[in-house]
Amino acid sequence: MNEQLLDSVRIVMVNTTHPGNVGAAARAMRTMGIGDLALVDPVAKIDAEAVSRASRAEDILERAHCVSTLEEAIQDCALVIGTSARSRHIPWPLMTPRQAGQLAKKTAVGESKVALVFGRESSGLTNEELHLCHAHVHIPTEASYSSLNVAQAIQILCYEMRLAALATDEDDSEQEFRGVAWDHPPATHGELNAMLLHLEQALVDIGFLDPNNPKQLMTRLRRLFQRALPDRMEINILRGFFGSVQQRVGKPKGVHSVKQSPEPQASDKEEF
Ligand code: SAH
């Protein structure tokens with residue numbers, strides 16, 4: 001049993017409205033041995049209904065940490081998996097809950113944390129929120145009704161994490177993603193973000209990216225780098241390279257004019 005995987009998983013609920021769903025999520029987590037719950041800007045209060053639906057998993061509610069942005073909840077995570085019932089305009093790496101369990105198992109080594117992100121009951125995750133994730137997990141459903149209750153979706157993902165934790169190495173069908181003895185830890189979401197901001201600045205500095213007409217360039221580059229799951233050393237090499245390019249065109253090294261885009265708002269959500 002790979003306890004480390006279960007200890008590394010963080011369930012992130014974005015803007016959840018109903019206290020009962022937070023309680024039911026805690027119960028789902030508890031049954032599968034997962035204890036780390038983050039609530040991003042929750043509308044739901046931890047009230048009597050939440051406690052009652054948690055059944056005997058109140059400790060998870062007590063320890064849940066509330067944060068104001070998704071960025072904060074995933075800052076220290078080396079793998080971020082978003083869940084959505086809908087396909088999107090710019091396709092994101094799509095996987096099944098089972099594949100997500102296998103990838104999480106390969107990533108959850110050392111200190112590396114894995115976030116599983118769940119959206120609002122009414123409108124799910126915005127495109128911008130999904131773009132902060134390495135991959136998009138879709139729970140296969142009947143095509144005419146694809147939307148599960150959020151706590152039930154959490155139950156399924158937590159179950160898959162447990163199955164992956166229980167599987168012996170021989171059971172794991174796919175080749176090791178990186179090999180077990182990788183020399184550097186995977187970059188966290190925060191480190192990858194800082195690199196992307198630096199890349200954006202360098203692209204502006206050399207005139208490749210027009211800040212007044214950025215189109216989807218940075219979204220597509222984010223997707224490319226997230227797909228590669230770079231390690232910390234690779235991120236540092238890239239940042240050194242961007243700095244040299246900036247120096248070559250007579251600009252200061254680092255980020256000097258571009259800004260981190262503001263946290264996406266619920267109103268940015270894409271319609272069905
Ligand atoms: N009407 C919403 C559905 C939200 S369901 C929408 O348009 O997206 C609440 C959350 O449960 C989703 O954001 C997602 O995190 C999870 N969820 C529900 N059904 C899912 C499915 N089939 N696959 C993956 N996640 C799902």
# chains A, B, ... in the order shown; residues from 1 in each chain; ligands from 1
>>> residues_around(residues="Gln226 of chain A", least_positions_apart="3", cutoff="12 Å", atoms="only C-alpha atoms", output="PyMOL selection string")
chain A and resi 78-81+92-93+130-136+186-189+191-193+195-196+218-223+229-231+235
>>> write_last_selection(atoms="N, CA and C atoms", output="CSV table (one decimal), in the first residue's frame")
chain,number,residue,atom,x,y,z
A,78,ALA,N,3.0,19.7,-7.4
A,78,ALA,CA,3.8,19.4,-8.5
A,78,ALA,C,2.9,18.8,-9.6
A,79,LEU,N,1.7,18.4,-9.3
A,79,LEU,CA,0.7,17.9,-10.3
A,79,LEU,C,-0.6,18.5,-9.9
A,80,VAL,N,-1.3,19.1,-10.9
A,80,VAL,CA,-2.6,19.6,-10.6
A,80,VAL,C,-3.6,19.0,-11.7
A,81,ILE,N,-4.6,18.3,-11.2
A,81,ILE,CA,-5.5,17.7,-12.1
A,81,ILE,C,-6.9,18.3,-11.9
A,92,TRP,N,-7.5,20.3,-23.7
A,92,TRP,CA,-6.4,20.2,-22.6
A,92,TRP,C,-6.1,18.7,-22.5
A,93,PRO,N,-4.9,18.3,-22.1
A,93,PRO,CA,-4.7,16.8,-22.0
A,93,PRO,C,-5.8,16.2,-21.2
A,130,LEU,N,-9.2,25.8,-15.4
A,130,LEU,CA,-8.7,24.5,-16.0
A,130,LEU,C,-7.3,24.6,-16.6
A,131,HIS,N,-7.0,25.8,-17.1
A,131,HIS,CA,-5.7,26.0,-17.7
A,131,HIS,C,-4.6,26.0,-16.7
A,132,LEU,N,-4.9,26.2,-15.5
A,132,LEU,CA,-3.9,26.1,-14.4
A,132,LEU,C,-3.5,24.7,-14.1
A,133,CYS,N,-4.3,23.7,-14.6
A,133,CYS,CA,-4.1,22.3,-14.3
A,133,CYS,C,-3.3,21.6,-15.4
A,134,HIS,N,-2.5,20.6,-15.0
A,134,HIS,CA,-1.7,19.9,-16.0
A,134,HIS,C,-2.7,19.1,-16.9
A,135,ALA,N,-3.7,18.5,-16.3
A,135,ALA,CA,-4.6,17.7,-17.1
A,135,ALA,C,-6.0,17.8,-16.7
A,136,HIS,N,-6.9,17.4,-17.6
A,136,HIS,CA,-8.4,17.5,-17.4
A,136,HIS,C,-8.9,16.1,-17.3
A,186,PRO,N,10.1,17.4,-9.2
A,186,PRO,CA,9.2,18.1,-10.2
A,186,PRO,C,9.0,19.6,-9.7
A,187,ALA,N,8.9,20.5,-10.7
A,187,ALA,CA,8.6,21.9,-10.4
A,187,ALA,C,7.2,22.0,-9.8
A,188,THR,N,7.0,22.9,-8.8
A,188,THR,CA,5.7,23.2,-8.3
A,188,THR,C,4.9,24.1,-9.2
A,189,HIS,N,3.6,24.2,-9.0
A,189,HIS,CA,2.8,25.1,-9.8
A,189,HIS,C,3.4,26.5,-9.7
A,191,GLU,N,6.5,27.5,-9.2
A,191,GLU,CA,7.8,27.6,-9.9
A,191,GLU,C,7.5,27.7,-11.4
A,192,LEU,N,6.6,26.9,-11.9
A,192,LEU,CA,6.2,26.8,-13.3
A,192,LEU,C,5.6,28.2,-13.7
A,193,ASN,N,4.8,28.7,-12.9
A,193,ASN,CA,4.1,30.0,-13.2
A,193,ASN,C,5.1,31.1,-13.3
A,195,MET,N,8.2,30.8,-14.2
A,195,MET,CA,8.9,30.6,-15.4
A,195,MET,C,8.1,31.1,-16.6
A,196,LEU,N,6.8,30.8,-16.6
A,196,LEU,CA,6.0,31.2,-17.7
A,196,LEU,C,5.9,32.8,-17.8
A,218,MET,N,0.1,32.5,-24.8
A,218,MET,CA,0.6,32.0,-23.5
A,218,MET,C,-0.2,30.8,-23.0
A,219,THR,N,-1.4,30.7,-23.3
A,219,THR,CA,-2.2,29.6,-22.9
A,219,THR,C,-1.7,28.3,-23.6
A,220,ARG,N,-1.3,28.5,-24.9
A,220,ARG,CA,-0.8,27.3,-25.6
A,220,ARG,C,0.6,26.9,-25.1
A,221,LEU,N,1.4,27.9,-24.8
A,221,LEU,CA,2.8,27.6,-24.2
A,221,LEU,C,2.6,27.0,-22.8
A,222,ARG,N,1.7,27.5,-22.0
A,222,ARG,CA,1.4,26.9,-20.7
A,222,ARG,C,1.1,25.4,-20.9
A,223,ARG,N,0.2,25.1,-21.8
A,223,ARG,CA,-0.2,23.7,-22.1
A,223,ARG,C,1.0,22.9,-22.4
A,229,LEU,N,5.8,18.2,-17.7
A,229,LEU,CA,6.0,18.1,-16.2
A,229,LEU,C,7.5,18.4,-15.9
A,230,PRO,N,8.0,19.6,-16.2
A,230,PRO,CA,9.4,19.8,-16.0
A,230,PRO,C,9.9,19.7,-14.5
A,231,ASP,N,11.1,19.4,-14.3
A,231,ASP,CA,11.6,19.4,-13.0
A,231,ASP,C,12.2,20.8,-12.6
A,235,ILE,N,13.5,24.0,-15.1
A,235,ILE,CA,12.9,25.4,-15.0
A,235,ILE,C,14.0,26.4,-14.8
>>> residues_around(residues="Leu197 of chain A", least_positions_apart="4", cutoff="8 Å", atoms="only C-alpha atoms", output="list in words")
Asn193, Gln201, Val255, Val258, Lys259 and Gln260 of chain A
>>> write_last_selection(atoms="C-alpha atoms", output="PDB file, in the first residue's frame")
ATOM      1  CA  ASN A 193       4.108  29.968 -13.164  1.00  0.00           C
ATOM      2  CA  GLN A 201       8.366  38.926 -20.585  1.00  0.00           C
ATOM      3  CA  VAL A 255      10.051  40.295 -15.225  1.00  0.00           C
ATOM      4  CA  VAL A 258       4.182  41.983 -17.761  1.00  0.00           C
ATOM      5  CA  LYS A 259       1.874  41.127 -14.883  1.00  0.00           C
ATOM      6  CA  GLN A 260       0.388  37.922 -13.620  1.00  0.00           C
TER       7      GLN A 260
END
>>> closest_residue(among="A:Val117, A:Gly23, A:Gly82, A:Pro97", to="Ala38 of chain A", atoms="only C-alpha atoms")
A:Val117
>>> closest_atom_pairs(of="chain A", to="ligand 1", cutoff="10 Å", atoms="only C-alpha atoms and all ligand atoms", output="JSON lines")
{"residue": "A:Val12", "atom": "CA", "partner": "ligand 1", "partner_atom_place_in_ligand_line": "15 (O)", "distance": 9.4}
{"residue": "A:Met13", "atom": "CA", "partner": "ligand 1", "partner_atom_place_in_ligand_line": "15 (O)", "distance": 7.9}
{"residue": "A:Val14", "atom": "CA", "partner": "ligand 1", "partner_atom_place_in_ligand_line": "13 (O)", "distance": 8.2}
{"residue": "A:Asn15", "atom": "CA", "partner": "ligand 1", "partner_atom_place_in_ligand_line": "13 (O)", "distance": 10.0}
{"residue": "A:Thr16", "atom": "CA", "partner": "ligand 1", "partner_atom_place_in_ligand_line": "9 (C)", "distance": 8.7}
{"residue": "A:Asn21", "atom": "CA", "partner": "ligand 1", "partner_atom_place_in_ligand_line": "9 (C)", "distance": 9.9}
{"residue": "A:Gly82", "atom": "CA", "partner": "ligand 1", "partner_atom_place_in_ligand_line": "15 (O)", "distance": 7.0}
{"residue": "A:Thr83", "atom": "CA", "partner": "ligand 1", "partner_atom_place_in_ligand_line": "25 (N)", "distance": 4.2}
{"residue": "A:Ser84", "atom": "CA", "partner": "ligand 1", "partner_atom_place_in_ligand_line": "25 (N)", "distance": 3.9}
{"residue": "A:Ala85", "atom": "CA", "partner": "ligand 1", "partner_atom_place_in_ligand_line": "21 (C)", "distance": 3.7}
{"residue": "A:Arg86", "atom": "CA", "partner": "ligand 1", "partner_atom_place_in_ligand_line": "8 (O)", "distance": 5.9}
{"residue": "A:Ser87", "atom": "CA", "partner": "ligand 1", "partner_atom_place_in_ligand_line": "8 (O)", "distance": 9.4}
{"residue": "A:Met95", "atom": "CA", "partner": "ligand 1", "partner_atom_place_in_ligand_line": "24 (C)", "distance": 9.9}
{"residue": "A:Thr96", "atom": "CA", "partner": "ligand 1", "partner_atom_place_in_ligand_line": "23 (N)", "distance": 8.7}
{"residue": "A:Pro97", "atom": "CA", "partner": "ligand 1", "partner_atom_place_in_ligand_line": "24 (C)", "distance": 8.3}
{"residue": "A:Leu116", "atom": "CA", "partner": "ligand 1", "partner_atom_place_in_ligand_line": "15 (O)", "distance": 8.8}
{"residue": "A:Val117", "atom": "CA", "partner": "ligand 1", "partner_atom_place_in_ligand_line": "15 (O)", "distance": 6.4}
{"residue": "A:Phe118", "atom": "CA", "partner": "ligand 1", "partner_atom_place_in_ligand_line": "15 (O)", "distance": 3.3}
{"residue": "A:Gly119", "atom": "CA", "partner": "ligand 1", "partner_atom_place_in_ligand_line": "13 (O)", "distance": 3.1}
{"residue": "A:Arg120", "atom": "CA", "partner": "ligand 1", "partner_atom_place_in_ligand_line": "9 (C)", "distance": 5.2}
{"residue": "A:Glu121", "atom": "CA", "partner": "ligand 1", "partner_atom_place_in_ligand_line": "9 (C)", "distance": 4.3}
{"residue": "A:Ser122", "atom": "CA", "partner": "ligand 1", "partner_atom_place_in_ligand_line": "1 (N)", "distance": 4.8}
{"residue": "A:Ser123", "atom": "CA", "partner": "ligand 1", "partner_atom_place_in_ligand_line": "2 (C)", "distance": 4.1}
{"residue": "A:Gly124", "atom": "CA", "partner": "ligand 1", "partner_atom_place_in_ligand_line": "13 (O)", "distance": 3.3}
{"residue": "A:Leu125", "atom": "CA", "partner": "ligand 1", "partner_atom_place_in_ligand_line": "13 (O)", "distance": 5.2}
{"residue": "A:Thr126", "atom": "CA", "partner": "ligand 1", "partner_atom_place_in_ligand_line": "8 (O)", "distance": 8.5}
{"residue": "A:Leu130", "atom": "CA", "partner": "ligand 1", "partner_atom_place_in_ligand_line": "13 (O)", "distance": 9.9}
{"residue": "A:His136", "atom": "CA", "partner": "ligand 1", "partner_atom_place_in_ligand_line": "24 (C)", "distance": 8.1}
{"residue": "A:Val137", "atom": "CA", "partner": "ligand 1", "partner_atom_place_in_ligand_line": "24 (C)", "distance": 5.6}
{"residue": "A:His138", "atom": "CA", "partner": "ligand 1", "partner_atom_place_in_ligand_line": "23 (N)", "distance": 3.8}
{"residue": "A:Ile139", "atom": "CA", "partner": "ligand 1", "partner_atom_place_in_ligand_line": "23 (N)", "distance": 3.7}
{"residue": "A:Pro140", "atom": "CA", "partner": "ligand 1", "partner_atom_place_in_ligand_line": "22 (N)", "distance": 5.9}
{"residue": "A:Thr141", "atom": "CA", "partner": "ligand 1", "partner_atom_place_in_ligand_line": "22 (N)", "distance": 5.9}
{"residue": "A:Glu142", "atom": "CA", "partner": "ligand 1", "partner_atom_place_in_ligand_line": "22 (N)", "distance": 8.9}
{"residue": "A:Ala143", "atom": "CA", "partner": "ligand 1", "partner_atom_place_in_ligand_line": "22 (N)", "distance": 9.5}
{"residue": "A:Tyr145", "atom": "CA", "partner": "ligand 1", "partner_atom_place_in_ligand_line": "22 (N)", "distance": 8.4}
{"residue": "A:Ser146", "atom": "CA", "partner": "ligand 1", "partner_atom_place_in_ligand_line": "22 (N)", "distance": 4.8}
{"residue": "A:Ser147", "atom": "CA", "partner": "ligand 1", "partner_atom_place_in_ligand_line": "19 (N)", "distance": 3.8}
{"residue": "A:Leu148", "atom": "CA", "partner": "ligand 1", "partner_atom_place_in_ligand_line": "19 (N)", "distance": 3.8}
{"residue": "A:Asn149", "atom": "CA", "partner": "ligand 1", "partner_atom_place_in_ligand_line": "5 (S)", "distance": 5.6}
{"residue": "A:Val150", "atom": "CA", "partner": "ligand 1", "partner_atom_place_in_ligand_line": "11 (O)", "distance": 3.6}
{"residue": "A:Ala151", "atom": "CA", "partner": "ligand 1", "partner_atom_place_in_ligand_line": "11 (O)", "distance": 7.1}
{"residue": "A:Gln152", "atom": "CA", "partner": "ligand 1", "partner_atom_place_in_ligand_line": "11 (O)", "distance": 7.7}
{"residue": "A:Ala153", "atom": "CA", "partner": "ligand 1", "partner_atom_place_in_ligand_line": "17 (N)", "distance": 5.2}
{"residue": "A:Ile154", "atom": "CA", "partner": "ligand 1", "partner_atom_place_in_ligand_line": "16 (C)", "distance": 7.3}
{"residue": "A:Ile156", "atom": "CA", "partner": "ligand 1", "partner_atom_place_in_ligand_line": "24 (C)", "distance": 9.2}
{"residue": "A:Leu157", "atom": "CA", "partner": "ligand 1", "partner_atom_place_in_ligand_line": "24 (C)", "distance": 8.7}
{"residue": "A:Lys269", "atom": "CA", "partner": "ligand 1", "partner_atom_place_in_ligand_line": "7 (O)", "distance": 8.9}
{"residue": "A:Glu270", "atom": "CA", "partner": "ligand 1", "partner_atom_place_in_ligand_line": "7 (O)", "distance": 8.6}
{"residue": "A:Glu271", "atom": "CA", "partner": "ligand 1", "partner_atom_place_in_ligand_line": "7 (O)", "distance": 7.7}
{"residue": "A:Phe272", "atom": "CA", "partner": "ligand 1", "partner_atom_place_in_ligand_line": "7 (O)", "distance": 6.5}
>>> residues_around(residues="Leu61 of chain A", least_positions_apart="4", cutoff="12 Å", atoms="only C-alpha atoms", output="PyMOL selection string")
chain A and resi 11+19-30+35-39+45-57+65-66
>>> select_by_dssp(residues="segment 51-127 of chain A", states="strand (DSSP E or B)", output="list in words")
His65, Cys66, Val67, Cys77, Ala78, Leu79, Val80, Ile81, Gly82, Thr83, Leu94, Met95, Lys113, Val114, Ala115, Leu116, Val117, Phe118, Arg120 and Gly124 of chain A
